[in-house]
$ cat run-v7.txt   # compact mmCIF, C-alpha atoms and all ligand atoms
# COMPACT_ATOMS: atom_id res chain seq x y z
CA MET P 1 182.18 115.07 404.19
CA LYS P 2 185.01 117.47 403.38
CA LEU P 3 184.58 120.14 400.72
CA ARG P 4 187.11 121.53 398.26
CA LYS P 5 187.01 124.25 395.69
CA LEU P 6 186.88 123.04 392.11
CA GLY P 7 189.99 124.88 390.98
CA GLU P 8 190.48 128.56 391.74
CA PHE P 9 187.36 129.71 389.95
CA GLY P 10 184.82 126.91 390.45
CA PRO P 11 182.24 126.07 393.13
CA GLU P 12 182.84 124.14 396.37
CA VAL P 13 182.27 120.42 395.93
CA SER P 14 182.39 117.39 398.22
CA VAL P 15 185.70 115.49 397.95
CA VAL P 16 183.71 112.39 397.06
CA GLY P 17 181.28 112.98 394.21
CA LEU P 18 178.76 110.66 392.63
CA GLY P 19 179.33 109.48 389.06
CA CYS P 20 175.91 108.88 387.53
CA ASN P 21 176.63 106.83 384.41
CA ASN P 22 175.10 103.67 385.89
CA PHE P 23 171.63 105.23 386.06
CA GLY P 24 169.49 103.88 383.25
CA MET P 25 172.31 101.59 382.15
CA ARG P 26 173.31 99.19 384.96
CA ILE P 27 170.59 100.20 387.43
CA ASP P 28 166.90 101.16 387.21
CA LEU P 29 165.03 104.12 388.67
CA GLU P 30 164.35 102.56 392.09
CA THR P 31 167.97 101.53 392.69
CA SER P 32 169.21 104.89 391.37
CA ARG P 33 166.86 106.56 393.86
CA LYS P 34 168.47 104.62 396.73
CA VAL P 35 171.99 105.47 395.52
CA ILE P 36 171.14 109.18 395.17
CA HIS P 37 169.47 109.37 398.60
CA LYS P 38 172.41 107.62 400.24
CA ALA P 39 174.78 110.10 398.60
CA LEU P 40 172.69 113.04 399.83
CA ASP P 41 172.54 111.59 403.35
CA LEU P 42 176.34 111.30 403.40
CA GLY P 43 176.85 114.93 402.39
CA ILE P 44 177.90 114.25 398.80
CA THR P 45 177.12 117.41 396.87
CA LEU P 46 178.63 116.82 393.43
CA PHE P 47 176.59 114.74 390.97
CA ASP P 48 178.22 114.16 387.60
CA THR P 49 176.17 112.99 384.64
CA ALA P 50 175.97 113.52 380.85
CA ASP P 51 173.20 113.76 378.30
CA ILE P 52 174.31 110.51 376.68
CA TYR P 53 174.35 108.39 379.89
CA GLY P 54 171.54 105.86 380.29
CA ASN P 55 170.79 105.41 376.58
CA SER P 56 170.58 109.08 375.59
CA GLY P 57 168.93 110.90 378.46
CA GLY P 58 168.10 108.13 380.95
CA SER P 59 170.53 109.25 383.65
CA GLU P 60 169.54 112.92 383.52
CA THR P 61 165.85 111.96 383.52
CA MET P 62 166.25 109.80 386.63
CA ILE P 63 168.24 112.47 388.47
CA GLY P 64 165.50 114.99 387.65
CA GLN P 65 162.82 112.60 388.89
CA VAL P 66 164.61 111.82 392.15
CA LEU P 67 166.16 115.12 393.29
CA GLY P 68 163.06 117.29 393.76
CA GLU P 69 163.70 119.90 396.48
CA ASN P 70 167.19 118.48 397.02
CA ARG P 71 168.25 119.93 393.69
CA LYS P 72 169.21 123.20 395.43
CA ARG P 73 171.62 121.33 397.75
CA VAL P 74 173.72 119.80 394.98
CA VAL P 75 176.23 120.88 392.40
CA LEU P 76 174.73 119.36 389.28
CA ALA P 77 177.30 118.68 386.56
CA THR P 78 176.35 117.41 383.13
CA LYS P 79 177.90 117.23 379.66
CA PHE P 80 177.04 117.73 376.01
CA GLY P 81 178.71 116.78 372.76
CA GLY P 82 178.55 112.97 372.71
CA ALA P 83 176.30 111.43 370.04
CA MET P 84 172.65 111.38 371.15
CA ASN P 85 171.42 109.50 368.07
CA ASP P 86 172.74 106.86 365.68
CA ALA P 87 172.50 109.15 362.67
CA GLY P 88 175.22 111.35 364.18
CA THR P 89 173.13 114.50 363.71
CA MET P 90 172.90 115.23 367.45
CA LYS P 91 176.44 115.74 368.71
CA GLY P 92 179.33 118.18 368.79
CA ALA P 93 180.02 121.63 370.15
CA SER P 94 178.58 124.04 367.59
CA ARG P 95 176.51 126.97 368.84
CA ARG P 96 173.34 125.56 367.25
CA TYR P 97 173.80 122.18 368.89
CA ILE P 98 174.86 123.46 372.32
CA MET P 99 171.78 125.67 372.65
CA ALA P 100 169.46 122.75 371.84
CA ALA P 101 171.42 120.30 374.02
CA ALA P 102 171.34 122.62 377.04
CA GLU P 103 167.56 123.10 376.78
CA ALA P 104 167.05 119.34 376.53
CA SER P 105 169.28 118.67 379.57
CA LEU P 106 167.52 121.34 381.65
CA LYS P 107 164.19 119.73 380.82
CA ARG P 108 165.30 116.20 381.67
CA LEU P 109 166.98 117.38 384.88
CA ARG P 110 163.85 119.38 385.82
CA THR P 111 165.90 122.42 386.73
CA ASP P 112 166.39 126.01 385.60
CA TRP P 113 170.19 125.90 385.78
CA ILE P 114 173.15 123.57 385.34
CA ASP P 115 175.94 124.17 387.86
CA LEU P 116 178.76 122.78 385.73
CA TYR P 117 178.25 122.31 381.98
CA GLN P 118 181.08 120.32 380.41
CA ILE P 119 182.03 119.70 376.81
CA HIS P 120 182.29 115.90 376.79
CA PHE P 121 184.91 115.57 374.02
CA PRO P 122 186.86 118.04 371.89
CA ASP P 123 184.99 118.78 368.64
CA PRO P 124 187.50 119.14 365.80
CA ALA P 125 184.73 120.46 363.49
CA THR P 126 184.03 123.57 365.64
CA PRO P 127 186.49 126.35 366.50
CA ILE P 128 186.85 126.56 370.29
CA GLU P 129 185.94 130.25 370.09
CA ALA P 130 182.46 129.38 368.76
CA THR P 131 181.95 126.84 371.55
CA LEU P 132 183.10 129.26 374.24
CA ARG P 133 180.87 132.06 372.90
CA ALA P 134 177.80 129.80 373.09
CA LEU P 135 178.73 128.66 376.63
CA ASP P 136 179.37 132.25 377.68
CA ASP P 137 175.86 133.20 376.50
CA LEU P 138 174.38 130.34 378.55
CA ILE P 139 176.18 131.68 381.63
CA ARG P 140 175.03 135.24 380.96
CA ASP P 141 171.44 133.92 380.55
CA GLY P 142 171.67 132.25 383.98
CA LYS P 143 171.16 128.76 382.56
CA VAL P 144 174.70 127.63 383.39
CA ARG P 145 176.89 128.65 386.35
CA TYR P 146 180.33 127.27 385.43
CA ILE P 147 181.81 125.50 382.41
CA GLY P 148 184.32 122.68 382.16
CA CYS P 149 185.98 120.47 379.58
CA SER P 150 186.44 116.73 379.38
CA ASN P 151 188.92 114.58 377.47
CA PHE P 152 190.96 117.64 376.43
CA THR P 153 194.73 117.37 376.00
CA GLY P 154 197.11 119.90 377.53
CA TRP P 155 197.42 121.99 374.36
CA GLN P 156 193.66 121.95 373.77
CA LEU P 157 193.10 123.29 377.28
CA VAL P 158 195.71 126.04 376.90
CA ASP P 159 194.21 127.02 373.54
CA ALA P 160 190.74 127.24 375.14
CA GLN P 161 191.92 129.29 378.14
CA TRP P 162 193.82 131.77 375.95
CA THR P 163 190.86 132.06 373.57
CA ALA P 164 188.53 132.83 376.48
CA LYS P 165 190.95 135.42 377.87
CA HIS P 166 191.56 137.07 374.51
CA HIS P 167 187.82 137.48 373.82
CA ASN P 168 186.78 138.23 377.41
CA LEU P 169 184.62 135.09 377.65
CA HIS P 170 184.02 132.84 380.67
CA ALA P 171 186.71 130.16 380.80
CA PHE P 172 186.65 126.51 381.81
CA VAL P 173 187.04 125.97 385.56
CA SER P 174 187.55 122.18 385.45
CA CYS P 175 188.82 119.24 383.46
CA GLN P 176 187.41 115.73 383.55
CA ASN P 177 189.78 113.05 382.30
CA GLU P 178 190.57 109.47 383.08
CA TYR P 179 192.88 109.40 386.10
CA SER P 180 193.57 106.65 388.60
CA LEU P 181 196.38 104.59 390.11
CA LEU P 182 196.34 102.63 386.84
CA VAL P 183 196.08 105.50 384.33
CA ARG P 184 198.35 108.47 385.03
CA SER P 185 198.89 109.95 381.56
CA VAL P 186 197.27 113.30 382.50
CA GLU P 187 200.28 114.01 384.70
CA ARG P 188 202.48 114.55 381.64
CA GLU P 189 200.87 117.63 380.02
CA LEU P 190 197.35 118.29 381.27
CA LEU P 191 197.91 118.58 385.01
CA PRO P 192 200.77 121.10 384.74
CA ALA P 193 198.61 123.21 382.38
CA MET P 194 195.69 122.98 384.81
CA GLN P 195 197.90 124.11 387.69
CA LYS P 196 199.12 127.09 385.69
CA PHE P 197 195.55 128.16 384.82
CA GLY P 198 193.98 127.28 388.19
CA LEU P 199 191.61 124.53 387.04
CA GLY P 200 190.22 121.68 389.16
CA MET P 201 190.35 118.02 388.11
CA LEU P 202 187.42 115.60 388.29
CA PRO P 203 189.09 112.24 387.65
CA TYR P 204 186.88 109.74 385.82
CA PHE P 205 187.15 105.95 386.07
CA PRO P 206 188.84 106.66 389.45
CA LEU P 207 188.31 103.05 390.53
CA ALA P 208 189.32 101.67 387.12
CA SER P 209 185.71 100.56 386.73
CA GLY P 210 185.94 98.58 389.98
CA LEU P 211 189.36 96.94 389.61
CA LEU P 212 190.70 99.24 392.36
CA THR P 213 188.00 98.21 394.84
CA GLY P 214 189.68 94.88 395.60
CA LYS P 215 186.66 92.80 394.58
CA TYR P 216 188.30 91.13 391.57
CA ALA P 217 191.01 88.47 391.72
CA ARG P 218 193.21 87.36 388.85
CA SER P 219 192.58 83.67 389.52
CA LYS P 220 188.77 83.92 389.73
CA PRO P 221 186.02 84.89 387.28
CA ALA P 222 184.41 88.31 387.84
CA PRO P 223 181.80 88.03 390.64
CA GLU P 224 178.09 87.96 389.71
CA ASN P 225 176.42 91.25 388.92
CA THR P 226 179.60 93.30 388.62
CA ARG P 227 180.62 95.63 385.82
CA PHE P 228 183.31 93.32 384.45
CA GLN P 229 180.83 90.48 384.31
CA ALA P 230 178.24 92.67 382.58
CA LEU P 231 180.46 94.69 380.24
CA GLN P 232 183.06 92.54 378.49
CA GLY P 233 184.63 95.50 376.67
CA LEU P 234 185.59 97.16 379.96
CA ALA P 235 186.78 93.85 381.41
CA ASP P 236 189.09 93.34 378.40
CA ARG P 237 190.40 96.86 378.74
CA TYR P 238 191.25 96.72 382.45
CA LEU P 239 191.99 93.08 383.27
CA THR P 240 195.41 93.09 381.62
CA GLU P 241 198.65 91.50 382.77
CA SER P 242 200.29 94.86 383.46
CA ASN P 243 197.30 96.12 385.51
CA TRP P 244 197.18 92.91 387.56
CA LYS P 245 200.88 93.30 388.38
CA ILE P 246 200.26 96.83 389.69
CA VAL P 247 197.07 95.88 391.57
CA GLU P 248 198.75 92.93 393.27
CA ARG P 249 201.71 95.09 394.36
CA LEU P 250 199.29 97.76 395.61
CA GLU P 251 197.44 95.09 397.61
CA THR P 252 200.72 94.03 399.23
CA PHE P 253 201.47 97.68 400.02
CA CYS P 254 197.99 98.06 401.58
CA ALA P 255 198.34 94.92 403.70
CA LYS P 256 201.69 96.18 405.02
CA ARG P 257 200.46 99.72 405.73
CA GLY P 258 196.97 98.92 407.06
CA HIS P 259 194.98 100.46 404.19
CA THR P 260 192.39 98.93 401.90
CA LEU P 261 192.78 99.18 398.13
CA LEU P 262 189.58 101.23 397.99
CA GLU P 263 190.98 103.73 400.52
CA LEU P 264 194.17 103.95 398.54
CA ALA P 265 192.29 104.64 395.26
CA PHE P 266 190.51 107.63 396.85
CA SER P 267 193.21 109.02 399.14
CA TRP P 268 195.90 108.81 396.46
CA LEU P 269 193.78 110.79 393.98
CA LEU P 270 192.89 113.35 396.65
CA ALA P 271 196.61 113.82 397.34
CA ARG P 272 197.30 114.72 393.69
CA PRO P 273 197.52 118.37 392.65
CA THR P 274 194.33 119.90 391.16
CA VAL P 275 192.04 116.98 392.13
CA ALA P 276 188.91 118.41 393.75
CA SER P 277 186.43 115.54 393.88
CA VAL P 278 186.59 111.83 393.11
CA ILE P 279 183.43 111.14 391.10
CA ALA P 280 183.11 107.41 391.67
CA GLY P 281 180.17 105.53 390.21
CA ALA P 282 178.07 103.14 392.31
CA THR P 283 175.39 100.54 391.68
CA LYS P 284 174.40 100.06 395.34
CA PRO P 285 173.92 102.45 398.28
CA GLU P 286 176.43 100.41 400.32
CA GLN P 287 179.12 101.22 397.75
CA VAL P 288 178.45 104.95 398.19
CA GLU P 289 178.83 104.51 401.93
CA GLN P 290 182.15 102.66 401.56
CA ASN P 291 183.42 105.22 399.07
CA ALA P 292 182.54 108.17 401.30
CA LYS P 293 184.51 106.57 404.16
CA ALA P 294 187.42 105.60 401.92
CA ALA P 295 188.25 109.25 401.29
CA ASP P 296 189.10 109.90 404.96
CA GLY P 297 192.59 108.40 404.76
CA VAL P 298 195.71 110.53 404.39
CA LEU P 299 198.89 109.15 402.82
CA ALA P 300 202.31 110.09 404.21
CA PRO P 301 204.95 111.46 401.77
CA GLU P 302 206.98 108.23 402.03
CA GLU P 303 203.86 106.21 401.19
CA LEU P 304 203.26 108.38 398.11
CA ALA P 305 206.86 107.81 397.03
CA GLU P 306 206.46 104.06 397.48
CA ILE P 307 203.30 104.15 395.35
CA ASP P 308 205.21 105.98 392.58
CA ASP P 309 207.51 102.99 392.50
CA ILE P 310 204.56 100.60 392.04
CA SER P 311 202.44 102.73 389.68
CA PRO P 312 205.09 104.71 387.82
CA LYS P 313 204.75 108.35 386.82
CA PRO P 314 204.17 108.62 383.05
P1 LIG K 401 184.59 103.99 388.41
O1 LIG K 401 184.19 105.04 389.37
O2 LIG K 401 186.04 103.73 388.17
O3 LIG K 401 183.90 102.60 388.81
C1 LIG K 401 182.62 102.57 389.31
C2 LIG K 401 182.14 101.13 389.48
O4 LIG K 401 182.95 100.42 390.41
C3 LIG K 401 180.74 101.11 390.04
O5 LIG K 401 179.80 101.32 389.07
C4 LIG K 401 180.70 99.73 390.69
O6 LIG K 401 180.51 98.77 389.65
C5 LIG K 401 182.11 99.61 391.24
N1 LIG K 401 182.21 100.13 392.61
C6 LIG K 401 182.14 101.43 393.03
N2 LIG K 401 182.30 101.51 394.35
C7 LIG K 401 182.47 100.26 394.80
C8 LIG K 401 182.68 99.70 396.09
N3 LIG K 401 182.77 100.47 397.17
N4 LIG K 401 182.83 98.36 396.18
C9 LIG K 401 182.77 97.57 395.09
N5 LIG K 401 182.55 98.03 393.84
C10 LIG K 401 182.40 99.38 393.69
O7 LIG K 401 183.95 104.25 386.98
P2 LIG K 401 182.73 105.14 386.48
O8 LIG K 401 181.56 105.10 387.40
O9 LIG K 401 182.46 104.71 385.07
O10 LIG K 401 183.34 106.57 386.44
C11 LIG K 401 182.98 107.56 387.39
C12 LIG K 401 182.21 108.66 386.73
O11 LIG K 401 183.05 109.35 385.81
C13 LIG K 401 181.02 108.20 385.87
O12 LIG K 401 179.90 107.85 386.59
C14 LIG K 401 180.85 109.41 384.98
O13 LIG K 401 180.11 110.39 385.67
C15 LIG K 401 182.28 109.85 384.75
N6 LIG K 401 182.85 109.38 383.47
C16 LIG K 401 183.19 110.33 382.56
C17 LIG K 401 183.74 109.98 381.34
C18 LIG K 401 184.09 111.09 380.38
O14 LIG K 401 184.42 110.80 379.20
N7 LIG K 401 184.03 112.32 380.79
C19 LIG K 401 183.99 108.63 381.03
C20 LIG K 401 183.67 107.68 382.00
C21 LIG K 401 183.10 108.05 383.20
P3 LIG K 401 179.68 97.40 389.76
O15 LIG K 401 178.91 97.42 391.04
O16 LIG K 401 178.83 97.43 388.56
O17 LIG K 401 180.71 96.33 389.69
$ encode --input "run-v7.txt" --output "C-alpha cells"
Amino acid sequence: MKLRKLGEFGPEVSVVGLGCNNFGMRIDLETSRKVIHKALDLGITLFDTADIYGNSGGSETMIGQVLGENRKRVVLATKFGGAMNDAGTMKGASRRYIMAAAEASLKRLRTDWIDLYQIHFPDPATPIEATLRALDDLIRDGKVRYIGCSNFTGWQLVDAQWTAKHHNLHAFVSCQNEYSLLVRSVERELLPAMQKFGLGMLPYFPLASGLLTGKYARSKPAPENTRFQALQGLADRYLTESNWKIVERLETFCAKRGHTLLELAFSWLLARPTVASVIAGATKPEQVEQNAKAADGVLAPEELAEIDDISPKP
C-alpha cells in the first residue's frame, strides 16, 4: 500500500483509506470487525469516521472495540458538529460543544488522542476564530494531532486559514468534500484554494455510493443487499439520467483501455491535485481487498484528457 502526505502539513496516510460510515448502520459489529481487520492486513492506515455515524456514536464505538493494540498503527480521523440528538442541542462548532464532543469521541474510540479532528459542516452560528481556538487548545493538550474541515467552500477555507495565521493558531491540514468522477464541483473554487494553502483532500462518496463500482445497471433493479436497494434516498440522488450517461461512457472507455470502472474511480481521484487518500466505504472484506488493488492503476495524460471529455470539468 502506497503512502502519501495529507497536504503539506498533515500526517502520512495510505492512498486507500477506509470510510467507516457503514459501521452500526449497514453492518453490525462482527462484519465491521472483519472489514477493519482486512483493511489493517492490507496496510490501510487511514480510518475515517464521525461521531454521528452509526446512529450517534455506533461507528466510533465499534472502531474502539475492534482496534485494541492496532490503534497505534492507524491514523484515526473523526468529526464533530453534526446533530447527535433530535432536539438539536448537541451539534455545532462552539467551544463549549467541541470540548464535550471531543471527550465523548475519545471515550467511544477508547483512545487518548484523535489523529485528525474534522469539523463536519460549517457552523454559521459560531465565528471560525472561536472554533479554531478550541481546536488549537485540543492540540496543545495532546488530545488532537491535526485538524481538518469538511463541506467547506473555497471562501470558507480561505477565511479559516487566514484567521488561524492572523491569531497564530493551528490551521486545517485537510478538506473532506464530495468528489468523484460524477461530482467535480470542488475543482472550481476549493481545490485551487487548497493548493495555495497546502491542504490535502479526502474525497467522500468517491464511488458515488457504489455507482462507480460497476455493480449497477440501468436496465436492472439494484442487486440484493446493496446500498441503493437499502437506501432509496441515495438511489434517487445518484441513479439519474445524466449520471447513467456518464457511467455508460466511462464503461466503454474502460473496456477499450483495459481498466475496470472501480480502478478508474480510484486512479482518477489519485491523479487529481491535492488528493491524498480515497476513503471508500465497504460492507464486506472482499470490497476492501478489491478497493486496495484498484488504486494501483496509473492513468496516462491522454486518458485523463479523454475522461475530461466524458465527465466534464465544472
Ligand atoms: P462510497 O465510498 O462512494 O461508497 C461506498 C459503498 O460502495 C460501500 O458501502 C459499498 O456499498 C459499495 N462498495 C464499496 N466498494 C465496493 C466494491 N469493491 N464492490 C462493490 N461495491 C462496493 O461512499 P461512502 O462510504 O458513503 O463514503 C466514503 C466515506 O466518506 C464514508 O465512509 C465517510 O467516512 C465519508 N463521508 C463523509 C461525508 C461528509 O460529509 N464529510 C459524507 C459522506 C461520507 P454496498 O455494499 O452497501 O452496496
$ closest_atom_pairs --input "run-v7.txt" --of "chain P" --to "ligand LIG 401 (chain K)" --cutoff "7 Å" --atoms "all atoms listed in the file" --output "tab-separated table"
residue	atom	partner	partner_atom	distance
P:Leu18	CA	K:LIG401	O12	6.8
P:Gly19	CA	K:LIG401	O12	3.0
P:Cys20	CA	K:LIG401	O12	4.2
P:Asn21	CA	K:LIG401	O12	4.1
P:Asn22	CA	K:LIG401	O5	6.1
P:Arg26	CA	K:LIG401	O16	6.8
P:Asp48	CA	K:LIG401	O13	4.6
P:Thr49	CA	K:LIG401	O13	4.8
P:His120	CA	K:LIG401	N7	5.6
P:Ser150	CA	K:LIG401	N7	5.2
P:Asn151	CA	K:LIG401	O14	6.1
P:Gln176	CA	K:LIG401	N7	5.5
P:Asn177	CA	K:LIG401	N7	6.0
P:Glu178	CA	K:LIG401	C19	6.9
P:Pro203	CA	K:LIG401	O11	6.9
P:Tyr204	CA	K:LIG401	O11	3.8
P:Phe205	CA	K:LIG401	O2	3.3
P:Pro206	CA	K:LIG401	O2	4.3
P:Leu207	CA	K:LIG401	O2	3.3
P:Ala208	CA	K:LIG401	O2	4.0
P:Ser209	CA	K:LIG401	O3	3.4
P:Gly210	CA	K:LIG401	O4	3.5
P:Thr213	CA	K:LIG401	C9	5.3
P:Lys215	CA	K:LIG401	C9	6.2
P:Asn225	CA	K:LIG401	O16	6.6
P:Thr226	CA	K:LIG401	O17	3.4
P:Arg227	CA	K:LIG401	O16	3.7
P:Phe228	CA	K:LIG401	O17	6.6
P:Leu262	CA	K:LIG401	N3	6.9
P:Ile279	CA	K:LIG401	C12	5.2
P:Ala280	CA	K:LIG401	O1	3.5
P:Gly281	CA	K:LIG401	O8	3.2
P:Ala282	CA	K:LIG401	C3	4.1
P:Thr283	CA	K:LIG401	O15	4.7
P:Lys284	CA	K:LIG401	O15	6.8
P:Gln287	CA	K:LIG401	N3	3.8
P:Val288	CA	K:LIG401	N3	6.3
P:Gln290	CA	K:LIG401	N3	4.9
P:Asn291	CA	K:LIG401	N3	5.2
$ closest_residue --input "run-v7.txt" --among "P:Ala102, P:Ala217, P:Val275, P:Val158" --to "P:Arg4" --atoms "only C-alpha atoms"
P:Val275
$ residues_around --input "run-v7.txt" --residues "stretch 59-72 of chain P" --least-positions-apart "5" --cutoff "10 Å" --atoms "all atoms listed in the file" --output "PyMOL selection string"
chain P and resi 20-25+27-30+32-34+36-37+40+45+47-54+78+104-111
$ atom_distance --input "run-v7.txt" --atom1 "atom CA of P:Ala222" --atom2 "atom CA of P:Ala39"
26.1 Å
$ closest_residue --input "run-v7.txt" --among "P:Glu251, P:Asp159, P:Glu187, P:Asp115" --to "P:Leu132" --atoms "all atoms listed in the file"
P:Asp159
$ atom_distance --input "run-v7.txt" --atom1 "atom CA of P:Pro192" --atom2 "atom CA of P:Gln156"
13.1 Å
$ atom_distance --input "run-v7.txt" --atom1 "atom CA of P:Leu190" --atom2 "atom CA of P:Phe172"
13.5 Å
$ closest_residue --input "run-v7.txt" --among "P:Tyr146, P:Trp155, P:Tyr97, P:Tyr216" --to "P:Val186" --atoms "only C-alpha atoms"
P:Trp155
$ closest_residue --input "run-v7.txt" --among "P:Val13, P:Leu211, P:Ala130, P:Ala160" --to "P:Ala93" --atoms "all atoms listed in the file"
P:Ala130
$ residues_around --input "run-v7.txt" --residues "stretch 306-312 of chain P" --least-positions-apart "4" --cutoff "12 Å" --atoms "only C-alpha atoms" --output "PyMOL selection string"
chain P and resi 180-185+187-188+242-254+256-257+261+264-265+267-269+271-272+299-302
$ residues_around --input "run-v7.txt" --residues "P:Phe152" --least-positions-apart "4" --cutoff "7 Å" --atoms "all atoms listed in the file" --output "ChimeraX atom specification"
/P:121-122,156-157
$ closest_residue --input "run-v7.txt" --among "P:Gly57, P:Phe9, P:Arg96, P:Leu191" --to "P:Ala171" --atoms "only C-alpha atoms"
P:Phe9
$ closest_residue --input "run-v7.txt" --among "P:Ala255, P:Met201, P:Glu129, P:Thr274" --to "P:Lys165" --atoms "only C-alpha atoms"
P:Glu129
$ axis_aligned_box --input "run-v7.txt" --around "stretch 230-247 of chain P" --padding-each-side "6 Å" --output "AutoDock Vina command-line options"
--center_x 189.6 --center_y 94.3 --center_z 384.1 --size_x 34.6 --size_y 17.7 --size_z 26.9
$ residues_around --input "run-v7.txt" --residues "P:Asp136" --least-positions-apart "4" --cutoff "9 Å" --atoms "only C-alpha atoms" --output "list in words"
Thr131, Leu132, Arg140, Asp141, Val144, Ile147, Leu169, His170 and Ala171 of chain P
$ write_last_selection --input "run-v7.txt" --atoms "C-alpha atoms" --output "compact mmCIF listing (two decimals), in the frame of the given file"
# COMPACT_ATOMS: atom_id res chain seq x y z
CA THR P 131 181.95 126.84 371.55
CA LEU P 132 183.10 129.26 374.24
CA ARG P 140 175.03 135.24 380.96
CA ASP P 141 171.44 133.92 380.55
CA VAL P 144 174.70 127.63 383.39
CA ILE P 147 181.81 125.50 382.41
CA LEU P 169 184.62 135.09 377.65
CA HIS P 170 184.02 132.84 380.67
CA ALA P 171 186.71 130.16 380.80
